[in-house]
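One structure is given below, encoded as structure tokens.
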Amino acid sequence: MADEQDLADRVVVITGANSGIGRAVAADLAGRGATTILACRNPVKARDAGDGTAAAQR
């Protein structure tokens, strides 16, 4: 993303975070330190997306 601001003090909720733009945004924000809450309808896809987002935070 264009603005590489540190987001360590932020909590974000992302809808549709298991695929597409939502997943990409979640990974980006997590990579910048934000606590991310992934709102997904499918628990299996949500778990997969969460694993990818957690990896982005490392």
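Numbering starts fresh at 1 for the residues of each chain in the structure tokens, the chains themselves are lettered A, B, ... in the order given, and ligands are numbered from 1 as they appear.
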
Please report, as an MDAnalysis selection string, each residue of chain A to which DSSP assigns alpha helix (DSSP H) when run on this structure's backbone.
-> chainID A and resid 20:31 43:57

As an MDAnalysis selection string, list the residues of chain A assigned to strand (DSSP E or B) by DSSP on the backbone atoms of this structure.
-> chainID A and resid 11:15 35:39

Which neighbours of region 33-38 of chain A fall inside 10 Å, counting only C-alpha atoms, when residues of the same chain fewer than 2 positions from it are skipped, and could you give them as a VMD selection string?
-> chain A and resid 5 to 18 22 to 23 25 to 31 40 to 41 46 to 47 49 to 50 53 to 54 56 to 58
